[in-house]
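> Mind having a look at this structure? Questions to follow.
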There are 2 protein chains.
Amino acid sequence: MQLALIGVGLIGGSAALAMKQKGIFTAVRGFDLSAESLQKALSMGVIDVACGSIEEAVRGADAVLVAVPVLAMKACFEALAPALSEHAYITDVGSTRCGVIAAARAALGEKFANYAPVHPIAGGEMPGVEFAREDLFEDARAISTPAQGMSDAAVGFWEKVWEKVGSIVVRLTPEDHDLTFAQVSHLPHLLSYVMVKSILREEDYDRRLSFAGAGFRDFTRIAASSPRMWTDICMANREAVLDALTAFESDLASAHELVQRGNAKELYALFERASQARRHLFEHRNRGK
Amino acid sequence: MQLALIGVGLIGGSAALAMKQKGIFTAVRGFDLSAESLQKALSMGVIDVACGSIEEAVRGADAVLVAVPVLAMKACFEALAPALSEHAYITDVGSTRCGVIAAARAALGEKFANYAPVHPIAGGEMPGVEFAREDLFEDARAISTPAQGMSDAAVGFWEKVWEKVGSIVVRLTPEDHDLTFAQVSHLPHLLSYVMVKSILREEDYDRRLSFAGAGFRDFTRIAASSPRMWTDICMANREAVLDALTAFESDLASAHELVQRGNAKELYALFERASQARRHLFEHRNRGK
């Protein structure tokens with residue numbers, strides 16, 4: 001089987017490597033707006049053919065995986081729809097669901113039945129195909145979000161593919177997915193970027209940052225991720241991100257008041273509860289270092 | 001030379017292990033309010049003698065290292081002052097400086113000349129002596145904050161000790177230390193705790209947290225640190241923490257507005273600038289993974 005990969009970054013590249021390694025696809029035809037990324041992907045063996053257009057990559061492929069920033073997906077679906085084989089299954093790995101599914105529905109027409117998206121939970125890494133690894137998804141969750149109009153065959157096909165590359169596939173509704181990830185992923189990224197930005201406002205920020213330790217390094221690791229990808233996510237999942245952000249701002253204002261009033265007892269209670277939850281959270285996970 | 005270690009947690013325990021391993025001290029007499037920690041430290045070889053009181057640990061020691069939460073330091077200095085040998089050097093590893101130095105000055109009297117604090121930058125780890133490691137400080141910075149009344153001999157002694165255990169010793173004024181660390185350490189800890197807390201307000205928080213990935217894991221790693229230690233730090237460095245927090249809240253409000261207005265261009269510019277700074281920051285560091 002031939003896979004068409006649209007967008008050869010960290011996630012798309014790792015997916016192609018893993019799916020070839022597991023024998024699911026024998027060849028990958030890749031396309032990317034960046035000729036440099038495409039060349040890198042070719043030389044790394046992530047893709048087998050570098051294509052000059054989406055249509056060229058998709059024509060004759062048995063399956064299509066779209067791995068571009070979420071706001072670029074609409075245009076991708078529109079470009080690939082006319083070139084799709086009747087039997088080709090389509091998927092995307094986007095980090096937001098409601099908007100992307102709506103875009104796929106509008107662009108794919110009848111072929112929407114062959115579409116089923118799966119969002120693999122693999123992040124906090126440096127962006128770019130040069131960081132692609134075939135074991136990126138092992139023991140990590142992958143969220144399948146079936147919706148009306150997607151065929152059971154398409155949903156089942158892609159869920160099986162992700163299981164084969166080592167993911168633990170979980171189903172959520174698209175709405176639940178977007179609310180949950182606004183809180184456990186999109187908002188933390190926003191906060192991490194803003195924290196770094198807040199230090200950059202200082203004249204001597206370079207000197208201040210030189211004193212950052214392991215805590216700051218961990219806290220801001222996600223601020224090294226792709227600014228394009230995360231801008232898109234915040235825009236595509238705007239309502240849910242704003243809800244999570246508003247709740248956080250209110251909790252932060254309460255903490256601010258505790259510090260201001262010198263209320264050590266309540267501040268300790270807050271820290272203690274968060275600390276317990278955080279320790280409990282990753283205790284039983286494989287990758288929970 | 002004999003070291004008295006007051007407070008056998010992650011930092012104090014690791015310091016004792018490293019200083020013995022480098023041959024600076026031949027024996028360590030430990031005291032801790034927690035009999036359990038003291039017993040653990042003894043069985044791990046972190047300390048050689050478990051003492052029943054601060055006075056007992058300090059009496060006859062050539063050097064005293066205080067590694068307790070910063071708000072507990074005043075009481076420690078008061079308890080150890082009468083038992084101090086004339087020649088004993090005293091230090092502490094507190095994460096805030098102005099308040100602790102003032103407490104030492106008030107409690108130690110003439111012996112304040114023998115005192116010089118050094119703050120080793122090692123954090124983001126799990127608290128407790130069971131996580132102590134003799135290589136914790138290797139290639140990490142340690143901030144020496146000399147102030148009026150501390151002798152050159154005391155400052156030089158402790159700076160040399162920290163260099164011997166592998167730290168890169170840097171000097172700052174106590175005021176500069178407190179402002180800088182409010183921003184690159186204390187505020188990020190506060191934000192990380194509040195982020196976890198903000199999810200705990202949801203009824204189905206357990207389910208939501210189960211979808212947290214590597215990004216969330218890194219972002220909230222510091223929320224697993226000791227709630228007691230970080231409450232104390234926020235209280236002891238209240239003014240500087242409030243300044244940093246107020247600046248952050250204003251930057252966050254600006255980002256909130258960008259998301260609300262759908263201003264992708266400005267949001268991208270913010271993310272891009274933070275991302276560049278973050279990538280640059282740890283590029284050239286040994287431990288900058």
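Every chain in the structure tokens takes a letter, A first, then B, and so on in the order presented; its residues are numbered from 1, and the ligands are numbered from 1 following the presented order.
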Put chain A on top of chain B with a least-squares fit on all C-alpha atoms, paired in order, and send it back as a compact mmCIF listing (two decimals) with C-alpha atoms, in the first residue's frame.

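Saved as part.txt:
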```
# COMPACT_ATOMS: atom_id res chain seq x y z
CA MET A 1 36.54 18.55 59.35
CA GLN A 2 33.07 17.92 60.70
CA LEU A 3 29.93 19.32 59.06
CA ALA A 4 26.65 19.92 60.85
CA LEU A 5 23.73 19.55 58.45
CA ILE A 6 20.46 21.12 59.60
CA GLY A 7 17.65 19.82 57.39
CA VAL A 8 18.23 16.60 55.45
CA GLY A 9 16.12 16.96 52.30
CA LEU A 10 17.05 16.73 48.63
CA ILE A 11 19.38 19.74 48.62
CA GLY A 12 20.95 19.32 52.06
CA GLY A 13 21.34 15.58 51.54
CA SER A 14 22.90 15.96 48.10
CA ALA A 15 25.25 18.66 49.42
CA ALA A 16 26.42 16.41 52.28
CA LEU A 17 27.00 13.48 49.92
CA ALA A 18 28.93 15.64 47.43
CA MET A 19 31.03 17.38 50.08
CA LYS A 20 32.01 14.10 51.69
CA GLN A 21 32.77 12.53 48.35
CA LYS A 22 35.12 15.42 47.49
CA GLY A 23 36.87 14.96 50.84
CA ILE A 24 35.90 18.38 52.19
CA PHE A 25 34.29 16.91 55.30
CA THR A 26 35.08 13.61 56.92
CA ALA A 27 31.89 13.30 58.93
CA VAL A 28 28.40 14.81 58.89
CA ARG A 29 26.25 15.29 61.98
CA GLY A 30 22.62 15.69 60.92
CA PHE A 31 19.45 17.05 62.42
CA ASP A 32 15.93 17.15 61.00
CA LEU A 33 12.50 17.78 62.50
CA SER A 34 11.37 14.61 60.74
CA ALA A 35 12.75 11.55 62.52
CA GLU A 36 11.92 9.52 59.43
CA SER A 37 14.05 11.70 57.11
CA LEU A 38 16.88 11.62 59.63
CA GLN A 39 16.76 7.81 59.80
CA LYS A 40 16.70 7.56 56.00
CA ALA A 41 19.68 9.93 55.75
CA LEU A 42 21.59 7.83 58.25
CA SER A 43 20.88 4.54 56.50
CA MET A 44 21.80 6.08 53.09
CA GLY A 45 25.14 7.29 54.49
CA VAL A 46 24.17 10.92 53.85
CA ILE A 47 24.90 11.64 57.52
CA ASP A 48 27.13 9.76 59.91
CA VAL A 49 25.46 10.75 63.17
CA ALA A 50 21.78 11.48 63.75
CA CYS A 51 21.40 14.18 66.38
CA GLY A 52 18.43 14.87 68.63
CA SER A 53 18.68 18.67 68.45
CA ILE A 54 20.22 21.50 66.46
CA GLU A 55 22.54 22.28 69.38
CA GLU A 56 23.79 18.69 69.50
CA ALA A 57 24.52 18.69 65.74
CA VAL A 58 26.30 22.04 65.79
CA ARG A 59 28.41 21.60 68.95
CA GLY A 60 32.03 21.02 67.93
CA ALA A 61 31.31 21.19 64.19
CA ASP A 62 33.76 23.06 61.94
CA ALA A 63 31.06 24.12 59.52
CA VAL A 64 27.29 24.35 59.55
CA LEU A 65 25.03 24.03 56.51
CA VAL A 66 21.38 25.01 56.96
CA ALA A 67 19.03 23.49 54.38
CA VAL A 68 15.50 24.03 55.70
CA PRO A 69 12.55 25.92 54.13
CA VAL A 70 13.45 29.63 54.12
CA LEU A 71 10.88 30.72 56.69
CA ALA A 72 12.26 28.16 59.16
CA MET A 73 15.79 29.55 58.91
CA LYS A 74 15.32 32.31 61.47
CA ALA A 75 14.48 29.79 64.20
CA CYS A 76 17.40 27.57 63.12
CA PHE A 77 19.91 30.42 63.31
CA GLU A 78 18.61 31.34 66.76
CA ALA A 79 18.90 27.76 67.97
CA LEU A 80 22.37 27.15 66.58
CA ALA A 81 24.00 30.48 67.53
CA PRO A 82 24.78 29.61 71.18
CA ALA A 83 26.25 26.21 70.24
CA LEU A 84 28.58 27.51 67.50
CA SER A 85 32.32 27.09 67.81
CA GLU A 86 34.31 30.32 67.51
CA HIS A 87 35.89 29.19 64.23
CA ALA A 88 32.88 27.49 62.58
CA TYR A 89 31.76 28.73 59.18
CA ILE A 90 28.00 28.90 58.63
CA THR A 91 26.03 28.82 55.37
CA ASP A 92 22.56 28.19 54.05
CA VAL A 93 21.19 27.10 50.67
CA GLY A 94 17.96 29.12 50.74
CA SER A 95 16.26 30.15 47.51
CA THR A 96 15.56 33.68 48.76
CA ARG A 97 18.26 35.95 50.10
CA CYS A 98 17.30 39.34 51.60
CA GLY A 99 15.06 37.98 54.34
CA VAL A 100 17.33 35.07 55.22
CA ILE A 101 20.43 37.26 55.44
CA ALA A 102 18.54 39.67 57.73
CA ALA A 103 17.51 36.73 59.93
CA ALA A 104 21.10 35.46 60.10
CA ARG A 105 22.39 38.93 60.92
CA ALA A 106 19.92 39.30 63.80
CA ALA A 107 20.44 35.81 65.23
CA LEU A 108 24.19 35.26 64.81
CA GLY A 109 25.47 38.50 66.33
CA GLU A 110 29.27 38.70 66.08
CA LYS A 111 29.40 35.29 64.44
CA PHE A 112 27.63 36.76 61.40
CA ALA A 113 31.16 37.44 60.10
CA ASN A 114 31.57 33.66 59.75
CA TYR A 115 28.40 33.36 57.68
CA ALA A 116 28.12 33.37 53.88
CA PRO A 117 25.14 31.94 51.98
CA VAL A 118 25.27 30.16 48.62
CA HIS A 119 22.14 29.21 46.69
CA PRO A 120 22.73 26.18 44.45
CA ILE A 121 20.49 26.17 41.36
CA ALA A 122 19.17 22.64 41.42
CA GLY A 123 15.45 22.13 41.32
CA GLY A 124 12.53 20.66 39.47
CA GLU A 125 13.24 17.38 41.19
CA MET A 126 11.19 15.37 43.65
CA PRO A 127 11.73 16.52 47.21
CA GLY A 128 13.12 14.28 49.94
CA VAL A 129 16.47 12.86 50.95
CA GLU A 130 15.67 9.60 49.12
CA PHE A 131 16.31 11.51 45.87
CA ALA A 132 19.67 12.92 47.05
CA ARG A 133 22.57 12.45 44.64
CA GLU A 134 26.18 13.49 44.98
CA ASP A 135 26.27 14.79 41.37
CA LEU A 136 23.24 17.07 41.71
CA PHE A 137 25.31 20.25 41.57
CA GLU A 138 27.77 19.34 38.84
CA ASP A 139 27.91 22.04 36.14
CA ALA A 140 25.02 23.86 37.80
CA ARG A 141 25.26 27.43 38.99
CA ALA A 142 25.53 28.37 42.65
CA ILE A 143 24.82 31.96 43.61
CA SER A 144 26.98 33.56 46.28
CA THR A 145 25.46 36.73 47.74
CA PRO A 146 28.05 38.47 49.93
CA ALA A 147 26.73 41.34 52.05
CA GLN A 148 28.13 43.80 54.55
CA GLY A 149 29.45 42.12 57.70
CA MET A 150 30.30 38.76 56.14
CA SER A 151 34.06 38.14 56.23
CA ASP A 152 36.02 37.50 53.05
CA ALA A 153 37.24 34.31 54.70
CA ALA A 154 33.70 32.98 55.15
CA VAL A 155 32.61 33.98 51.64
CA GLY A 156 35.77 32.46 50.16
CA PHE A 157 35.46 29.26 52.19
CA TRP A 158 31.92 28.47 51.02
CA GLU A 159 32.51 29.55 47.43
CA LYS A 160 35.42 27.14 47.29
CA VAL A 161 33.33 24.33 48.80
CA TRP A 162 30.66 24.75 46.11
CA GLU A 163 33.26 24.91 43.37
CA LYS A 164 34.75 21.66 44.64
CA VAL A 165 31.40 19.86 44.30
CA GLY A 166 31.26 20.94 40.65
CA SER A 167 29.18 24.12 40.78
CA ILE A 168 29.84 27.25 38.79
CA VAL A 169 29.84 29.95 41.46
CA VAL A 170 28.45 33.36 40.49
CA ARG A 171 28.13 36.44 42.70
CA LEU A 172 24.99 38.60 42.87
CA THR A 173 23.77 41.18 45.33
CA PRO A 174 21.00 39.78 47.55
CA GLU A 175 18.49 42.23 46.01
CA ASP A 176 19.39 41.31 42.43
CA HIS A 177 19.22 37.63 43.36
CA ASP A 178 15.69 37.95 44.72
CA LEU A 179 14.32 39.92 41.75
CA THR A 180 15.92 37.60 39.20
CA PHE A 181 14.79 34.38 40.84
CA ALA A 182 11.26 35.69 41.39
CA GLN A 183 11.04 35.77 37.61
CA VAL A 184 12.97 32.73 36.43
CA SER A 185 12.02 30.39 39.26
CA HIS A 186 9.46 31.46 41.85
CA LEU A 187 6.80 32.70 39.41
CA PRO A 188 7.07 29.65 37.11
CA HIS A 189 6.52 27.41 40.15
CA LEU A 190 3.46 29.41 41.17
CA LEU A 191 2.06 29.22 37.62
CA SER A 192 2.65 25.51 37.40
CA TYR A 193 0.81 24.85 40.68
CA VAL A 194 -2.07 27.13 39.65
CA MET A 195 -2.34 25.44 36.22
CA VAL A 196 -2.81 22.04 37.85
CA LYS A 197 -5.21 23.56 40.38
CA SER A 198 -7.22 25.12 37.55
CA ILE A 199 -7.92 21.68 36.09
CA LEU A 200 -8.81 20.24 39.50
CA ARG A 201 -11.79 22.61 39.58
CA GLU A 202 -13.45 20.46 36.91
CA GLU A 203 -15.70 17.63 38.08
CA ASP A 204 -14.09 15.16 35.67
CA TYR A 205 -10.52 16.36 36.28
CA ASP A 206 -9.18 12.83 36.56
CA ARG A 207 -10.40 11.97 33.10
CA ARG A 208 -9.13 15.28 31.66
CA LEU A 209 -5.71 14.85 33.22
CA SER A 210 -5.47 11.36 31.76
CA PHE A 211 -5.06 13.03 28.35
CA ALA A 212 -2.09 15.11 29.42
CA GLY A 213 0.95 14.48 27.23
CA ALA A 214 4.67 15.15 27.37
CA GLY A 215 4.15 18.90 27.13
CA PHE A 216 1.93 19.00 30.19
CA ARG A 217 4.27 16.61 31.99
CA ASP A 218 7.23 18.97 31.50
CA PHE A 219 5.22 22.11 32.17
CA THR A 220 3.96 20.80 35.50
CA ARG A 221 7.02 18.89 36.65
CA ILE A 222 7.84 21.71 39.08
CA ALA A 223 4.33 21.42 40.54
CA ALA A 224 5.51 18.14 42.08
CA SER A 225 8.10 19.99 44.19
CA SER A 226 7.75 20.54 47.92
CA PRO A 227 4.65 22.64 48.67
CA ARG A 228 6.17 23.73 52.00
CA MET A 229 9.39 24.95 50.42
CA TRP A 230 7.58 26.90 47.71
CA THR A 231 5.00 28.44 50.03
CA ASP A 232 7.89 29.70 52.12
CA ILE A 233 9.69 31.08 49.08
CA CYS A 234 6.60 32.96 47.88
CA MET A 235 6.13 34.43 51.35
CA ALA A 236 9.80 35.23 51.94
CA ASN A 237 10.20 36.88 48.53
CA ARG A 238 6.71 38.31 48.42
CA GLU A 239 7.42 41.76 46.97
CA ALA A 240 9.55 40.50 44.09
CA VAL A 241 7.13 37.63 43.37
CA LEU A 242 4.20 40.07 43.27
CA ASP A 243 6.09 42.34 40.87
CA ALA A 244 6.87 39.45 38.53
CA LEU A 245 3.31 38.12 38.85
CA THR A 246 1.75 41.50 38.07
CA ALA A 247 3.91 41.87 34.96
CA PHE A 248 2.99 38.34 33.86
CA GLU A 249 -0.74 38.93 34.41
CA SER A 250 -0.57 42.00 32.23
CA ASP A 251 1.25 40.09 29.47
CA LEU A 252 -1.30 37.29 29.78
CA ALA A 253 -4.18 39.76 29.47
CA SER A 254 -2.62 41.05 26.23
CA ALA A 255 -2.36 37.51 24.88
CA HIS A 256 -5.96 36.87 25.96
CA GLU A 257 -7.06 39.84 23.90
CA LEU A 258 -5.11 38.63 20.85
CA VAL A 259 -6.83 35.23 21.02
CA GLN A 260 -10.23 36.84 21.58
CA ARG A 261 -9.83 39.17 18.61
CA GLY A 262 -8.48 36.40 16.42
CA ASN A 263 -5.28 38.40 15.89
CA ALA A 264 -3.17 35.51 14.54
CA LYS A 265 -0.43 37.81 13.27
CA GLU A 266 0.39 39.37 16.65
CA LEU A 267 -0.05 36.09 18.50
CA TYR A 268 2.40 34.45 16.11
CA ALA A 269 4.88 37.30 16.67
CA LEU A 270 4.63 36.76 20.44
CA PHE A 271 5.07 32.96 20.17
CA GLU A 272 7.90 33.31 17.67
CA ARG A 273 9.88 35.70 19.87
CA ALA A 274 9.43 33.53 22.96
CA SER A 275 10.25 30.40 21.02
CA GLN A 276 13.48 31.84 19.63
CA ALA A 277 14.58 33.03 23.07
CA ARG A 278 13.80 29.65 24.63
CA ARG A 279 15.67 27.70 21.97
CA HIS A 280 18.66 29.99 22.21
CA LEU A 281 18.64 29.79 26.00
CA PHE A 282 19.58 26.17 26.53
CA GLU A 283 21.45 25.58 23.30
CA HIS A 284 24.89 26.09 24.74
CA ARG A 285 24.43 24.57 28.15
CA ASN A 286 25.73 21.26 29.35
CA ARG A 287 22.55 20.29 31.11
CA GLY A 288 20.34 22.12 28.67
CA LYS A 289 18.39 19.19 27.30
```
> Can you list every residue in region 7-220 of chain A that DSSP puts in strand (DSSP E), as a short mmCIF file (atom, residue, chain, number, x, y, z; two decimals) with N, CA and C atoms, in the first residue's frame?

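Heads up, here's the output in states10.cif:
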```cif
data_model
loop_
_atom_site.label_atom_id
_atom_site.label_comp_id
_atom_site.auth_asym_id
_atom_site.auth_seq_id
_atom_site.Cartn_x
_atom_site.Cartn_y
_atom_site.Cartn_z
N ALA A 27 5.48 2.25 0.59
CA ALA A 27 6.13 3.44 0.06
C ALA A 27 5.35 4.68 0.47
N VAL A 28 6.07 5.78 0.66
CA VAL A 28 5.45 7.04 1.06
C VAL A 28 5.79 8.13 0.04
N ARG A 29 4.73 8.76 -0.49
CA ARG A 29 4.89 9.88 -1.40
C ARG A 29 4.62 11.15 -0.60
N GLY A 30 5.63 12.03 -0.53
CA GLY A 30 5.50 13.19 0.36
C GLY A 30 5.36 14.51 -0.38
N PHE A 31 4.65 15.43 0.28
CA PHE A 31 4.61 16.81 -0.21
C PHE A 31 4.73 17.76 0.99
N VAL A 49 9.32 9.24 -2.25
CA VAL A 49 9.19 10.10 -3.43
C VAL A 49 8.83 11.50 -2.96
N ALA A 50 9.54 12.49 -3.46
CA ALA A 50 9.20 13.88 -3.15
C ALA A 50 8.34 14.42 -4.28
N ALA A 63 -3.84 5.59 0.82
CA ALA A 63 -4.17 6.28 2.07
C ALA A 63 -3.48 7.64 2.07
N VAL A 64 -4.11 8.58 2.73
CA VAL A 64 -3.57 9.94 2.78
C VAL A 64 -3.53 10.41 4.23
N LEU A 65 -2.36 10.87 4.66
CA LEU A 65 -2.21 11.38 6.02
C LEU A 65 -1.84 12.86 5.93
N VAL A 66 -2.68 13.71 6.50
CA VAL A 66 -2.43 15.15 6.47
C VAL A 66 -1.86 15.59 7.81
N TYR A 89 -8.31 5.84 1.99
CA TYR A 89 -8.68 6.35 3.31
C TYR A 89 -7.89 7.61 3.60
N ILE A 90 -8.55 8.57 4.26
CA ILE A 90 -7.91 9.86 4.56
C ILE A 90 -7.92 10.07 6.07
N THR A 91 -6.84 10.67 6.58
CA THR A 91 -6.81 11.01 8.01
C THR A 91 -6.02 12.29 8.20
N ASP A 92 -6.12 12.86 9.40
CA ASP A 92 -5.20 13.94 9.76
C ASP A 92 -4.82 13.78 11.22
N VAL A 118 -7.23 10.98 13.66
CA VAL A 118 -6.68 10.49 14.92
C VAL A 118 -5.59 11.47 15.36
N HIS A 119 -5.69 11.93 16.58
CA HIS A 119 -4.73 12.90 17.11
C HIS A 119 -3.75 12.19 18.05
N PRO A 120 -2.52 11.96 17.60
CA PRO A 120 -1.55 11.30 18.47
C PRO A 120 -0.99 12.29 19.50
N ARG A 141 -0.90 7.97 23.93
CA ARG A 141 -2.29 7.88 23.52
C ARG A 141 -2.51 8.50 22.15
N ALA A 142 -3.51 8.02 21.46
CA ALA A 142 -3.92 8.60 20.19
C ALA A 142 -5.44 8.70 20.26
N ILE A 143 -5.96 9.89 20.00
CA ILE A 143 -7.39 10.13 20.20
C ILE A 143 -8.13 10.06 18.88
N SER A 144 -9.01 9.07 18.78
CA SER A 144 -9.88 8.93 17.62
C SER A 144 -11.18 9.66 17.92
N ILE A 168 -1.90 3.87 22.16
CA ILE A 168 -3.08 3.41 22.86
C ILE A 168 -4.23 4.28 22.34
N VAL A 169 -5.11 3.69 21.54
CA VAL A 169 -6.16 4.48 20.90
C VAL A 169 -7.36 4.65 21.83
N VAL A 170 -7.80 5.87 21.99
CA VAL A 170 -8.94 6.21 22.84
C VAL A 170 -9.93 7.01 22.01
N ARG A 171 -11.23 6.77 22.22
CA ARG A 171 -12.23 7.54 21.48
C ARG A 171 -12.81 8.67 22.33
#
```
